[in-house]
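Here's work_3.txt, which has compact mmCIF, C-alpha atoms and all ligand atoms:
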# COMPACT_ATOMS: atom_id res chain seq x y z
CA MET A 1027 0.19 14.85 -7.92
CA ASN A 1028 0.89 17.81 -10.11
CA ASP A 1029 -0.45 20.34 -7.69
CA ARG A 1030 2.58 22.01 -6.28
CA PRO A 1031 1.97 22.84 -2.65
CA LYS A 1032 2.59 26.38 -1.52
CA GLY A 1033 5.94 26.92 0.13
CA ALA A 1034 7.39 23.84 -1.52
CA GLU A 1035 11.01 23.05 -0.81
CA ARG A 1036 13.36 23.73 -3.74
CA VAL A 1037 15.32 20.61 -4.52
CA VAL A 1038 18.06 19.42 -6.81
CA LEU A 1039 17.51 15.86 -8.02
CA VAL A 1040 20.45 13.62 -8.78
CA HIS A 1041 20.20 10.56 -10.95
CA VAL A 1042 23.14 8.40 -11.91
CA ASN A 1043 22.80 6.12 -14.86
CA PHE A 1044 24.37 2.71 -14.41
CA PRO A 1045 24.82 0.30 -17.30
CA ALA A 1046 21.80 -1.85 -16.34
CA GLY A 1047 19.46 1.02 -15.42
CA LYS A 1048 16.30 2.19 -17.12
CA MET A 1049 17.20 5.84 -17.15
CA GLU A 1050 14.01 7.50 -18.24
CA GLU A 1051 11.60 5.47 -16.14
CA ASP A 1052 13.75 5.78 -13.05
CA LEU A 1053 14.12 9.51 -13.39
CA ASN A 1054 10.43 10.06 -14.07
CA GLU A 1055 9.54 8.13 -11.00
CA LEU A 1056 11.97 10.13 -8.88
CA LYS A 1057 10.39 13.35 -10.14
CA GLU A 1058 6.91 12.10 -9.29
CA LEU A 1059 8.01 10.96 -5.86
CA ALA A 1060 9.74 14.26 -5.13
CA VAL A 1061 6.74 16.33 -6.19
CA SER A 1062 4.37 14.21 -4.17
CA ALA A 1063 6.60 14.72 -1.13
CA GLY A 1064 6.04 18.44 -1.62
CA ALA A 1065 9.20 19.38 -3.51
CA GLU A 1066 9.64 21.95 -6.19
CA ILE A 1067 12.19 20.58 -8.63
CA ALA A 1068 14.70 23.36 -9.18
CA SER A 1069 17.21 21.36 -11.17
CA VAL A 1070 18.15 17.85 -12.24
CA VAL A 1071 21.73 16.61 -12.32
CA ILE A 1072 22.40 13.49 -14.34
CA GLY A 1073 25.55 11.43 -14.31
CA THR A 1074 26.82 8.15 -15.70
CA ARG A 1075 29.00 5.73 -13.79
CA ARG A 1076 29.97 2.10 -13.90
CA VAL A 1077 30.02 1.75 -10.11
CA PRO A 1078 29.35 4.16 -7.21
CA GLU A 1079 32.28 6.06 -5.78
CA SER A 1080 32.85 5.60 -2.05
CA LYS A 1081 33.16 9.22 -0.87
CA TYR A 1082 30.28 11.01 -2.61
CA PHE A 1083 28.60 8.13 -4.49
CA VAL A 1084 29.32 10.26 -7.59
CA GLY A 1085 32.78 11.44 -8.59
CA SER A 1086 34.13 14.60 -6.95
CA GLY A 1087 33.69 16.61 -10.17
CA LYS A 1088 29.99 15.66 -10.30
CA ALA A 1089 29.65 16.41 -6.59
CA GLU A 1090 30.95 19.94 -7.21
CA GLU A 1091 28.51 20.31 -10.08
CA ILE A 1092 25.70 19.41 -7.66
CA ARG A 1093 26.99 22.05 -5.21
CA ASP A 1094 26.95 24.66 -8.01
CA HIS A 1095 23.36 23.77 -8.88
CA VAL A 1096 22.36 24.10 -5.23
CA LEU A 1097 23.91 27.55 -5.08
CA SER A 1098 22.54 28.88 -8.34
CA CYS A 1099 19.04 27.49 -7.75
CA LYS A 1100 18.96 28.46 -4.07
CA ALA A 1101 17.95 24.90 -3.31
CA SER A 1102 17.67 23.67 0.27
CA LEU A 1103 17.67 19.96 -0.40
CA VAL A 1104 19.38 17.45 -2.68
CA ILE A 1105 17.62 14.15 -3.38
CA PHE A 1106 19.54 11.18 -4.76
CA ASN A 1107 17.70 8.53 -6.71
CA HIS A 1108 19.86 5.89 -5.04
CA VAL A 1109 20.60 4.43 -1.66
CA LEU A 1110 23.47 6.32 -0.02
CA THR A 1111 25.57 5.14 2.88
CA PRO A 1112 25.40 7.39 5.96
CA GLY A 1113 29.01 8.39 5.23
CA GLN A 1114 28.24 9.44 1.66
CA GLU A 1115 25.24 11.40 2.84
CA ARG A 1116 27.38 13.24 5.37
CA ASN A 1117 30.24 13.93 2.97
CA LEU A 1118 27.80 15.30 0.44
CA GLU A 1119 26.06 17.47 3.03
CA GLN A 1120 29.38 18.95 4.04
CA LEU A 1121 30.22 19.75 0.45
CA VAL A 1122 26.90 21.07 -0.85
CA LYS A 1123 26.01 22.82 2.45
CA CYS A 1124 22.42 21.66 2.50
CA ARG A 1125 20.52 18.54 3.43
CA VAL A 1126 20.93 15.45 1.29
CA LEU A 1127 18.29 12.74 1.20
CA ASP A 1128 18.53 9.39 -0.49
CA ARG A 1129 15.80 7.39 -2.13
CA THR A 1130 14.90 5.52 1.04
CA GLY A 1131 14.65 8.76 2.99
CA LEU A 1132 12.36 10.25 0.35
CA ILE A 1133 10.04 7.25 0.26
CA LEU A 1134 9.93 7.12 4.05
CA ASP A 1135 8.93 10.78 4.03
CA ILE A 1136 6.05 10.13 1.66
CA PHE A 1137 4.87 7.23 3.76
CA ALA A 1138 5.07 9.41 6.85
CA GLN A 1139 2.73 11.87 5.18
CA ARG A 1140 0.33 9.22 4.00
CA ALA A 1141 0.14 6.84 6.93
CA ARG A 1142 -3.38 7.02 8.23
CA SER A 1143 -3.96 4.27 10.72
CA PHE A 1144 -2.40 4.12 14.16
CA GLU A 1145 -0.55 0.99 13.10
CA GLY A 1146 0.62 2.58 9.86
CA LYS A 1147 1.98 5.58 11.75
CA LEU A 1148 3.89 3.34 14.15
CA GLN A 1149 5.26 1.30 11.28
CA VAL A 1150 6.55 4.38 9.50
CA GLU A 1151 8.04 5.76 12.68
CA LEU A 1152 9.85 2.48 13.26
CA ALA A 1153 11.25 2.44 9.74
CA LEU A 1154 12.30 6.09 10.07
CA LEU A 1155 14.04 5.47 13.37
CA LYS A 1156 15.89 2.47 11.98
CA HIS A 1157 16.95 4.55 9.02
CA LEU A 1158 18.07 7.35 11.33
CA THR A 1159 20.08 5.30 13.83
CA THR A 1160 22.66 4.54 11.19
CA ARG A 1161 22.87 8.23 10.46
CA LEU A 1162 23.16 9.41 14.05
CA VAL A 1163 26.87 9.86 14.35
CA LYS A 1164 29.18 12.43 15.82
CA GLY A 1165 29.01 15.70 13.97
CA TRP A 1166 25.55 14.82 12.81
CA THR A 1167 24.24 18.21 13.87
CA HIS A 1168 26.44 20.03 11.39
CA LEU A 1169 23.26 20.99 9.63
CA GLU A 1170 20.35 22.82 11.05
CA ARG A 1171 17.61 20.28 11.74
CA GLN A 1172 15.27 22.51 13.69
CA ARG A 1173 12.68 23.11 11.01
CA GLY A 1174 10.62 20.44 9.31
CA GLY A 1175 10.77 19.60 5.66
CA ILE A 1176 11.09 16.64 3.37
CA GLY A 1177 12.66 13.75 5.19
CA LEU A 1178 12.13 15.32 8.59
CA ARG A 1179 8.46 14.61 9.06
CA GLY A 1180 6.46 11.94 10.75
CA GLY A 1181 9.28 10.66 12.89
CA PRO A 1182 10.38 11.81 16.25
CA GLY A 1183 10.54 15.49 17.09
CA GLU A 1184 13.81 17.37 16.97
CA THR A 1185 14.43 17.05 20.69
CA GLN A 1186 14.51 13.31 20.37
CA LEU A 1187 16.57 13.46 17.23
CA GLU A 1188 19.22 15.39 19.00
CA THR A 1189 19.50 13.12 21.95
CA ASP A 1190 21.60 10.05 21.74
CA ARG A 1191 21.11 6.70 20.12
CA ARG A 1192 20.03 5.09 23.37
CA LEU A 1193 16.79 7.04 23.43
CA ILE A 1194 16.09 6.04 19.89
CA ARG A 1195 16.79 2.42 20.70
CA ASP A 1196 14.35 2.65 23.63
CA ARG A 1197 11.73 4.14 21.38
CA ILE A 1198 12.29 1.38 18.83
CA LYS A 1199 11.70 -1.15 21.59
CA VAL A 1200 8.45 0.51 22.66
CA ILE A 1201 7.15 0.71 19.11
CA THR A 1202 8.14 -2.86 18.33
CA ALA A 1203 6.27 -4.09 21.40
CA ARG A 1204 3.21 -2.05 20.52
CA LEU A 1205 3.25 -3.33 16.97
CA ALA A 1206 3.56 -6.90 18.18
CA LYS A 1207 0.44 -6.39 20.26
CA ILE A 1208 -1.46 -4.88 17.36
CA ARG A 1209 -0.29 -7.68 15.16
CA LYS A 1210 -1.67 -10.24 17.57
CA GLN A 1211 -5.02 -8.51 17.59
CA ARG A 1212 -4.94 -8.34 13.82
CA GLU A 1213 -4.24 -12.05 13.59
CA GLN A 1214 -7.13 -12.78 15.92
CA GLY A 1215 -9.35 -10.61 13.76
CA ARG A 1216 -8.26 -12.47 10.68
CA LEU A 1217 -8.91 -15.80 12.34
CA ALA A 1218 -12.38 -14.68 13.36
CA ARG A 1219 -13.08 -13.58 9.82
CA ARG A 1220 -11.90 -16.86 8.42
CA LYS A 1221 -14.21 -18.66 10.81
CA ALA A 1222 -17.08 -16.49 9.74
CA VAL A 1223 -16.13 -17.26 6.14
CA VAL A 1224 -16.36 -13.63 5.18
CA PRO A 1225 -14.16 -13.14 2.12
CA THR A 1226 -11.54 -10.39 2.20
CA VAL A 1227 -10.99 -8.15 -0.80
CA SER A 1228 -7.86 -5.97 -0.70
CA LEU A 1229 -7.17 -2.86 -2.68
CA VAL A 1230 -3.65 -2.69 -4.04
CA GLY A 1231 -2.05 -0.36 -6.52
CA TYR A 1232 0.64 2.13 -7.26
CA THR A 1233 0.53 5.16 -5.03
CA ASN A 1234 -2.07 7.73 -6.09
CA ALA A 1235 -4.06 5.30 -8.25
CA GLY A 1236 -7.21 6.09 -6.30
CA LYS A 1237 -7.45 3.19 -3.86
CA SER A 1238 -8.69 5.25 -0.94
CA THR A 1239 -11.20 7.09 -3.08
CA LEU A 1240 -12.62 3.75 -4.21
CA PHE A 1241 -12.50 2.41 -0.66
CA ASN A 1242 -14.52 5.36 0.59
CA LEU A 1243 -16.96 5.12 -2.24
CA LEU A 1244 -17.62 1.44 -1.64
CA THR A 1245 -17.88 1.75 2.11
CA HIS A 1246 -20.09 4.83 2.14
CA SER A 1247 -22.27 4.26 -0.84
CA SER A 1248 -25.95 4.04 -0.11
CA VAL A 1249 -26.29 1.27 -2.70
CA TYR A 1250 -25.24 -1.18 -0.04
CA VAL A 1251 -27.39 -2.26 2.81
CA ALA A 1252 -25.05 -1.56 5.69
CA ASN A 1253 -21.52 -0.68 6.40
CA GLN A 1254 -19.81 -0.84 9.70
CA LEU A 1255 -16.37 -0.42 11.11
CA PHE A 1256 -14.90 -3.87 11.40
CA ALA A 1257 -11.87 -3.20 13.53
CA THR A 1258 -11.62 0.07 15.41
CA LEU A 1259 -7.88 -0.36 15.55
CA ASP A 1260 -7.42 -0.02 11.88
CA PRO A 1261 -9.83 2.17 9.99
CA THR A 1262 -8.59 0.76 6.71
CA LEU A 1263 -10.49 -2.47 7.25
CA ARG A 1264 -14.24 -2.40 6.78
CA ARG A 1265 -17.09 -4.78 6.44
CA ILE A 1266 -19.55 -4.10 3.65
CA ASP A 1267 -22.81 -5.90 3.19
CA PHE A 1268 -23.32 -5.96 -0.53
CA SER A 1269 -26.96 -6.59 -1.25
CA GLU A 1270 -26.13 -9.27 -3.84
CA LEU A 1271 -22.90 -10.72 -2.47
CA GLY A 1272 -23.43 -10.83 1.25
CA PRO A 1273 -20.73 -9.63 3.61
CA VAL A 1274 -17.23 -8.83 2.34
CA ILE A 1275 -14.28 -7.32 4.19
CA LEU A 1276 -12.66 -4.58 2.20
CA ALA A 1277 -9.05 -3.69 3.03
CA ASP A 1278 -7.25 -0.57 1.89
CA THR A 1279 -3.47 -1.02 1.81
CA VAL A 1280 -0.39 1.13 1.50
CA GLY A 1281 0.50 2.44 -1.93
CA PHE A 1282 3.23 0.62 -3.78
CA ILE A 1283 6.33 2.08 -5.41
CA ARG A 1284 9.25 0.62 -7.27
CA HIS A 1285 12.10 -0.70 -5.10
CA LEU A 1286 10.23 -0.30 -1.84
CA PRO A 1287 12.89 0.24 0.82
CA HIS A 1288 13.60 -2.94 2.73
CA ASP A 1289 12.92 -1.39 6.14
CA LEU A 1290 9.53 -0.34 4.98
CA VAL A 1291 8.54 -3.69 3.53
CA GLU A 1292 9.57 -5.20 6.83
CA ALA A 1293 7.69 -2.57 8.79
CA PHE A 1294 4.55 -3.04 6.74
CA HIS A 1295 4.81 -6.80 6.78
CA ALA A 1296 1.76 -7.26 8.97
CA THR A 1297 -0.36 -4.98 6.80
CA LEU A 1298 0.90 -6.67 3.68
CA GLU A 1299 -0.05 -10.04 5.13
CA GLU A 1300 -3.60 -8.85 4.79
CA VAL A 1301 -2.96 -8.74 1.05
CA THR A 1302 -1.37 -12.18 0.91
CA GLU A 1303 -4.29 -13.74 2.75
CA SER A 1304 -7.02 -12.04 0.74
CA ASP A 1305 -9.50 -13.91 -1.41
CA LEU A 1306 -9.30 -11.30 -4.13
CA LEU A 1307 -7.11 -8.30 -4.95
CA LEU A 1308 -8.44 -5.26 -6.73
CA HIS A 1309 -5.43 -3.87 -8.52
CA VAL A 1310 -6.31 -0.22 -9.02
CA VAL A 1311 -4.59 1.42 -11.98
CA ASP A 1312 -4.62 5.12 -12.82
CA ALA A 1313 -5.90 5.08 -16.41
CA LYS A 1314 -4.70 8.65 -16.90
CA ASP A 1315 -1.13 7.84 -15.84
CA ASP A 1316 1.32 7.79 -18.75
CA ASN A 1317 3.54 5.38 -16.84
CA ARG A 1318 0.70 3.04 -15.96
CA THR A 1319 2.27 0.00 -17.66
CA ALA A 1320 5.52 0.42 -15.74
CA HIS A 1321 3.63 1.09 -12.51
CA LEU A 1322 1.44 -1.95 -13.05
CA GLN A 1323 4.58 -4.04 -13.42
CA GLN A 1324 6.05 -2.59 -10.25
CA VAL A 1325 2.96 -3.46 -8.25
CA GLU A 1326 3.15 -7.01 -9.61
CA GLU A 1327 6.78 -7.18 -8.48
CA VAL A 1328 5.89 -6.12 -4.95
CA LEU A 1329 3.03 -8.64 -4.91
CA THR A 1330 5.46 -11.37 -5.90
CA SER A 1331 7.94 -10.29 -3.24
CA ILE A 1332 5.29 -10.58 -0.52
CA HIS A 1333 4.15 -13.95 -1.88
CA ALA A 1334 0.79 -12.69 -3.08
CA SER A 1335 1.17 -13.51 -6.74
CA GLU A 1336 -1.19 -16.47 -6.42
CA VAL A 1337 -4.12 -14.46 -5.12
CA PRO A 1338 -6.74 -13.89 -7.83
CA ARG A 1339 -6.93 -10.31 -8.94
CA LEU A 1340 -9.03 -7.92 -10.89
CA LEU A 1341 -7.55 -4.99 -12.77
CA VAL A 1342 -9.53 -1.85 -12.05
CA TYR A 1343 -8.81 1.02 -14.41
CA ASN A 1344 -9.75 4.13 -12.47
CA LYS A 1345 -10.09 7.84 -13.37
CA ILE A 1346 -11.79 7.16 -16.71
CA ASP A 1347 -13.49 10.54 -16.29
CA LEU A 1348 -10.15 12.08 -17.25
CA ASN A 1349 -9.88 9.96 -20.40
CA PRO A 1350 -12.37 11.04 -23.01
CA GLY A 1351 -13.48 7.96 -24.89
CA MET A 1352 -13.26 5.56 -21.96
CA GLU A 1353 -16.55 4.27 -20.66
CA PRO A 1354 -17.51 2.38 -17.54
CA LYS A 1355 -17.52 -1.28 -18.50
CA MET A 1356 -16.36 -4.78 -17.72
CA GLU A 1357 -14.04 -6.38 -20.25
CA ARG A 1358 -13.64 -10.13 -20.85
CA ASP A 1359 -10.99 -12.06 -22.72
CA GLU A 1360 -11.65 -14.62 -25.48
CA GLN A 1361 -12.24 -17.34 -22.88
CA GLY A 1362 -14.94 -15.26 -21.27
CA GLN A 1363 -12.83 -14.56 -18.17
CA ILE A 1364 -13.10 -11.10 -16.69
CA LYS A 1365 -10.06 -9.09 -17.72
CA ARG A 1366 -10.63 -5.68 -16.23
CA VAL A 1367 -13.21 -3.08 -15.33
CA PHE A 1368 -13.17 0.62 -16.12
CA ILE A 1369 -14.43 2.94 -13.41
CA SER A 1370 -14.25 6.41 -11.97
CA ALA A 1371 -14.11 6.24 -8.20
CA GLU A 1372 -14.56 9.98 -7.98
CA LYS A 1373 -17.66 10.12 -10.16
CA GLY A 1374 -18.99 6.75 -9.02
CA TRP A 1375 -19.02 5.39 -12.57
CA GLY A 1376 -18.79 1.67 -13.29
CA ILE A 1377 -19.40 0.59 -9.72
CA LYS A 1378 -22.21 -1.78 -10.70
CA GLU A 1379 -19.86 -3.49 -13.16
CA LEU A 1380 -17.16 -3.63 -10.50
CA VAL A 1381 -19.43 -5.27 -7.95
CA THR A 1382 -20.62 -7.79 -10.56
CA ALA A 1383 -17.00 -8.62 -11.38
CA ILE A 1384 -16.07 -8.96 -7.69
CA GLY A 1385 -19.00 -11.30 -7.21
CA GLU A 1386 -18.05 -13.44 -10.16
CA LEU A 1387 -14.39 -13.61 -9.18
CA LEU A 1388 -15.20 -14.54 -5.61
CA LYS A 1389 -16.91 -17.46 -7.33
CA LYS A 1390 -20.16 -16.34 -5.97
CA GLU A 1391 -22.09 -18.68 -8.19
CA MET A 1392 -24.70 -20.34 -6.06
CA VAL A 1393 -24.75 -24.05 -5.39
CA GLN A 1394 -27.29 -26.26 -3.68
CA GLU A 1395 -26.20 -29.05 -1.37
CA SER A 1396 -27.53 -31.37 1.33
CA VAL A 1397 -25.63 -31.19 4.59
CA VAL A 1398 -25.97 -32.88 7.97
CA LEU A 1399 -25.31 -30.96 11.19
CA SER A 1400 -24.84 -32.47 14.61
CA PRO A 1401 -26.77 -31.00 17.57
CA LEU A 1402 -23.50 -29.34 18.62
CA GLN A 1403 -23.37 -27.28 15.47
CA ALA A 1404 -26.16 -24.93 16.49
CA LYS A 1405 -24.05 -21.86 15.75
CA LEU A 1406 -23.41 -22.92 12.19
CA ARG A 1407 -27.09 -23.70 11.75
CA ALA A 1408 -27.98 -20.25 13.05
CA TYR A 1409 -25.48 -18.71 10.64
CA LEU A 1410 -27.01 -20.56 7.68
CA TYR A 1411 -30.42 -19.23 8.67
CA SER A 1412 -29.06 -15.72 9.05
CA ARG A 1413 -27.68 -16.00 5.50
CA GLU A 1414 -31.13 -17.14 4.36
CA ALA A 1415 -29.38 -20.17 2.91
CA VAL A 1416 -31.66 -22.92 4.22
CA LEU A 1417 -34.14 -24.27 1.68
CA SER A 1418 -35.48 -27.14 3.76
CA GLU A 1419 -34.75 -28.90 7.03
CA SER A 1420 -35.60 -32.14 8.79
CA ILE A 1421 -34.35 -33.64 12.06
CA ASP A 1422 -33.62 -37.34 12.65
CA GLU A 1423 -33.88 -39.46 15.80
CA GLN A 1424 -30.31 -38.70 16.89
CA GLY A 1425 -31.07 -35.01 16.77
CA HIS A 1426 -29.07 -34.42 13.57
CA TYR A 1427 -30.27 -31.73 11.23
CA HIS A 1428 -30.56 -32.58 7.53
CA LEU A 1429 -30.48 -29.34 5.59
CA LEU A 1430 -30.74 -28.40 1.97
CA VAL A 1431 -28.71 -25.22 1.65
CA ARG A 1432 -28.04 -22.80 -1.15
CA LEU A 1433 -24.85 -20.76 -0.88
CA PRO A 1434 -22.00 -19.38 -2.98
CA ARG A 1435 -19.57 -22.21 -3.81
CA VAL A 1436 -16.54 -20.72 -1.97
CA GLU A 1437 -18.52 -20.10 1.15
CA LEU A 1438 -19.96 -23.59 1.11
CA GLU A 1439 -16.51 -25.08 0.63
CA LYS A 1440 -15.08 -23.03 3.47
CA LEU A 1441 -17.93 -23.89 5.82
CA PHE A 1442 -17.94 -27.64 5.22
CA ARG A 1443 -14.33 -28.32 4.27
P1 LIG A 1501 -1.95 6.38 -1.90
O1 LIG A 1501 -2.58 6.62 -0.58
O2 LIG A 1501 -0.82 7.25 -2.22
O3 LIG A 1501 -1.61 4.94 -2.14
O4 LIG A 1501 -3.02 6.80 -3.03
P2 LIG A 1501 -4.41 6.15 -3.36
O5 LIG A 1501 -4.24 5.09 -4.38
O6 LIG A 1501 -5.15 5.79 -2.14
O7 LIG A 1501 -5.11 7.36 -4.14
P3 LIG A 1501 -6.23 8.38 -3.60
O8 LIG A 1501 -7.54 7.70 -3.44
O9 LIG A 1501 -5.68 9.12 -2.46
O10 LIG A 1501 -6.35 9.32 -4.89
C1 LIG A 1501 -5.27 10.02 -5.43
C2 LIG A 1501 -5.78 11.22 -6.19
O11 LIG A 1501 -6.53 10.83 -7.33
C3 LIG A 1501 -6.71 12.09 -5.36
O12 LIG A 1501 -6.42 13.43 -5.65
C4 LIG A 1501 -8.10 11.72 -5.85
O13 LIG A 1501 -9.01 12.78 -5.73
C5 LIG A 1501 -7.81 11.42 -7.32
N1 LIG A 1501 -8.79 10.45 -7.86
C6 LIG A 1501 -9.12 9.24 -7.37
N2 LIG A 1501 -10.05 8.64 -8.15
C7 LIG A 1501 -10.30 9.49 -9.16
C8 LIG A 1501 -11.19 9.44 -10.31
O14 LIG A 1501 -11.91 8.49 -10.57
N3 LIG A 1501 -11.13 10.52 -11.14
C9 LIG A 1501 -10.34 11.60 -10.91
N4 LIG A 1501 -10.40 12.59 -11.79
N5 LIG A 1501 -9.54 11.68 -9.85
C10 LIG A 1501 -9.50 10.65 -8.99

Represent the structure of the file as structure tokens.
Ligand code: GTP
Amino acid sequence: MNDRPKGAERVVLVHVNFPAGKMEEDLNELKELAVSAGAEIASVVIGTRRVPESKYFVGSGKAEEIRDHVLSCKASLVIFNHVLTPGQERNLEQLVKCRVLDRTGLILDIFAQRARSFEGKLQVELALLKHLTTRLVKGWTHLERQRGGIGLRGGPGETQLETDRRLIRDRIKVITARLAKIRKQREQGRLARRKAVVPTVSLVGYTNAGKSTLFNLLTHSSVYVANQLFATLDPTLRRIDFSELGPVILADTVGFIRHLPHDLVEAFHATLEEVTESDLLLHVVDAKDDNRTAHLQQVEEVLTSIHASEVPRLLVYNKIDLNPGMEPKMERDEQGQIKRVFISAEKGWGIKELVTAIGELLKKEMVQESVVLSPLQAKLRAYLYSREAVLSESIDEQGHYHLLVRLPRVELEKLFR
């Protein structure tokens, strides 16, 4: 995150401290977000207010101070750590003579850069368009919007931006319909998985924690017997056949940030459902991150807001290679419950411990049970054989199969519930 890209846009950050705010944390996060969007922070303007002011959000004296910073730093963008109304954004732009982006705009920009799947790209575009429609007003072209830059990526091209709201509304309709279709397919996929009792493990975590690195490591590692694309539609969902655990679906999800913009949570609802319906969450934490405790908390907040707080989770401390003294290991609490694992996704350290922990948490302990299958349940019988779960079998006069099977407890419960 600290690598400053070449040609970075020079920005002035604005943070206003309100009585209930956590000044330092909030400002640090804004800096991180801005840098990861490709900004070079030229200056930071800090203010204190009891309530926002309607014209510029800040008072007019502070607004002039921002304009002076823009001039002296030769900045081309101002980023507010708050949600601005379209009117405030426009008033500010007219005063400071450069683009002004609010917190939602900044986060949308980062998501636009990071969206990988077809669905993710559509979701971001939808959120961007919704954000833009409120800002498409007369006189909107008072600033030059021809070139790209922070807040201008990932969405529609400039020709579309400069046409009227009707076109944007049409585009929103098209995207919404496409997303609905994808969502249906996704639901069918999920249903099929549930039928096949394959557990789903989702990676969650603050942005940049290393989720994708871990995802790639787990899905490409030669330690595991096979690995195949589960759904072509969304490359972030893969099936892994762990040699010890059997099949597991691994899902990579969008990175979390504090106060995720509402439009975005809505847009990513379908993807986030994947998280809510998982059997286990791997909460990836950047062990090298000084703000990891705050970030951890923020991820928990998002999980609660999407009703996923009940899903069992495993804390995965990643990037231990950057922390001298940390070793790959699995840690348990006094009750013997797994607390967390320490890994390095980049170096491939601690993966054995991670897989052991996943297995244990998926309650993969094996149980033996006698079951009776009717002649109509041939598919289930075939599945049990394919899982090498059948210890013995006999058939009675009615054609019923009496099997002694050995399977992980969760799987058995799901199959014969
Ligand atoms: P988002 O897509 O923003 O949610 O990020 P992510 O959580 O998927 O993180 P990603 O896998 O993209 O990794 C972020 C950065 O951390 C990349 O530059 C990785 O190379 C780096 N990284 C990931 N794991 C490790 C690790 O174990 N050690 C080190 N040193 N770097 C790592």

By how many Å are atom CA of A:Glu1437 and atom CA of A:Leu1229 apart? 21.0 Å

Might you pull out every residue within 12 Å of A:Lys1389, with only C-alpha atoms counted and same-chain residues fewer than 3 positions away left off, and present them as a list in words? Pro1225, Leu1271, Asp1305, Leu1306, Pro1338, Gln1363, Ile1364, Thr1382, Ala1383, Ile1384, Gly1385, Glu1386, Met1392, Val1393, Leu1433, Pro1434, Arg1435, Val1436, Glu1437, Leu1438 and Glu1439 of chain A

7 Å shell around ligand LIG 1501 (chain A) using all atoms listed in the file, listed as a PyMOL selection string: chain A and resi 1140+1231-1240+1280-1282+1344-1348+1369-1373

Which residues, written as a short mmCIF file (atom, residue, chain, number, x, y, z; two decimals) with C-alpha atoms, in the coordinates of the input, have at least one atom at most 7 Å from A:Pro1354, with only C-alpha atoms counted and residues fewer than 3 positions away on the same chain left out?
data_model
loop_
_atom_site.label_atom_id
_atom_site.label_comp_id
_atom_site.auth_asym_id
_atom_site.auth_seq_id
_atom_site.Cartn_x
_atom_site.Cartn_y
_atom_site.Cartn_z
CA PHE A 1368 -13.17 0.62 -16.12
CA ILE A 1369 -14.43 2.94 -13.41
CA TRP A 1375 -19.02 5.39 -12.57
CA GLY A 1376 -18.79 1.67 -13.29
#

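Going from atom CA of A:Asp1052 over to atom CA of A:Leu1158, you cover 24.8 Å.
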
Adding 6 Å on each side of the box along x, y and z that holds all listed atoms of stretch 1035-1051 of chain A, could you give its centre and edge lengths in Å to one decimal, as lines of an AutoDock Vina configuration file?
center_x = 17.9
center_y = 10.9
center_z = -9.5
size_x = 25.8
size_y = 37.6
size_z = 29.4

Can you find the residues with an atom no farther than 6 Å from (-3.5, -4.0, -11.4), counting all atoms listed in the file, and report them as JSON, numbers by chain? {"A": [1309, 1310, 1311, 1322, 1341]}

Would you compute the distance between atom CA of A:Leu1276 and atom CA of A:Leu1243? Give it in Å to one decimal. 11.5 Å

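Near A:Lys1365, within 9 Å and counting all atoms listed in the file, sit Leu1340, Leu1341, Met1356, Glu1357, Arg1358, Asp1359 and Gly1362 of chain A; same-chain residues fewer than 3 positions away were not included.
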
Please save C-alpha atoms of the selected residues as a PDB file, keeping the file's coordinate frame.
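Listed below is the output, selection07.pdb:
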ATOM      1  CA  LEU A1340      -9.030  -7.920 -10.890  1.00  0.00           C
ATOM      2  CA  LEU A1341      -7.550  -4.990 -12.770  1.00  0.00           C
ATOM      3  CA  MET A1356     -16.360  -4.780 -17.720  1.00  0.00           C
ATOM      4  CA  GLU A1357     -14.040  -6.380 -20.250  1.00  0.00           C
ATOM      5  CA  ARG A1358     -13.640 -10.130 -20.850  1.00  0.00           C
ATOM      6  CA  ASP A1359     -10.990 -12.060 -22.720  1.00  0.00           C
ATOM      7  CA  GLY A1362     -14.940 -15.260 -21.270  1.00  0.00           C
TER       8      GLY A1362
END

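Proximity ranking of A:Ala1063, A:Lys1199, A:Asn1117, A:Gly1215 relative to A:Tyr1082 places A:Asn1117 first, based on only C-alpha atoms.
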
Top pick for closest residue to A:Glu1050, considering A:Thr1202, A:Thr1111, A:Asn1317, A:Thr1226 and counting all atoms listed in the file: A:Asn1317

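Closest approach to A:Ser1420 from the set A:Leu1441, A:Val1397, A:Leu1155, A:Val1122 is made by A:Val1397, with distances taken over all atoms listed in the file.
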
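Between A:Thr1074 and the candidates A:Arg1036, A:Ala1101, A:Glu1299, A:Pro1045, the tightest atom-to-atom separation, counting all atoms listed in the file, involves A:Pro1045.
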
As a PyMOL selection string, please: the residues near A:Phe1137 (cut-off 9 Å, all atoms listed in the file, same-chain neighbours under 6 positions excluded). chain A and resi 1146-1147+1150+1180+1280-1281+1290

Who sits within 12 Å of A:Arg1407, all atoms listed in the file, same chain under 3 positions skipped, as a PyMOL selection string: chain A and resi 1397-1404+1410-1416+1419+1426-1431+1441-1442

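Remark: for A:Thr1279, the closest of the candidate residues A:Phe1106, A:Glu1327, A:Ser1143, A:Ile1194 is A:Ser1143 (distances computed over only C-alpha atoms).
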
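Minimum distance to A:Arg1192 across A:Thr1159, A:Ala1065, A:Gly1351, A:Ser1228 (counting all atoms listed in the file) occurs at A:Thr1159.
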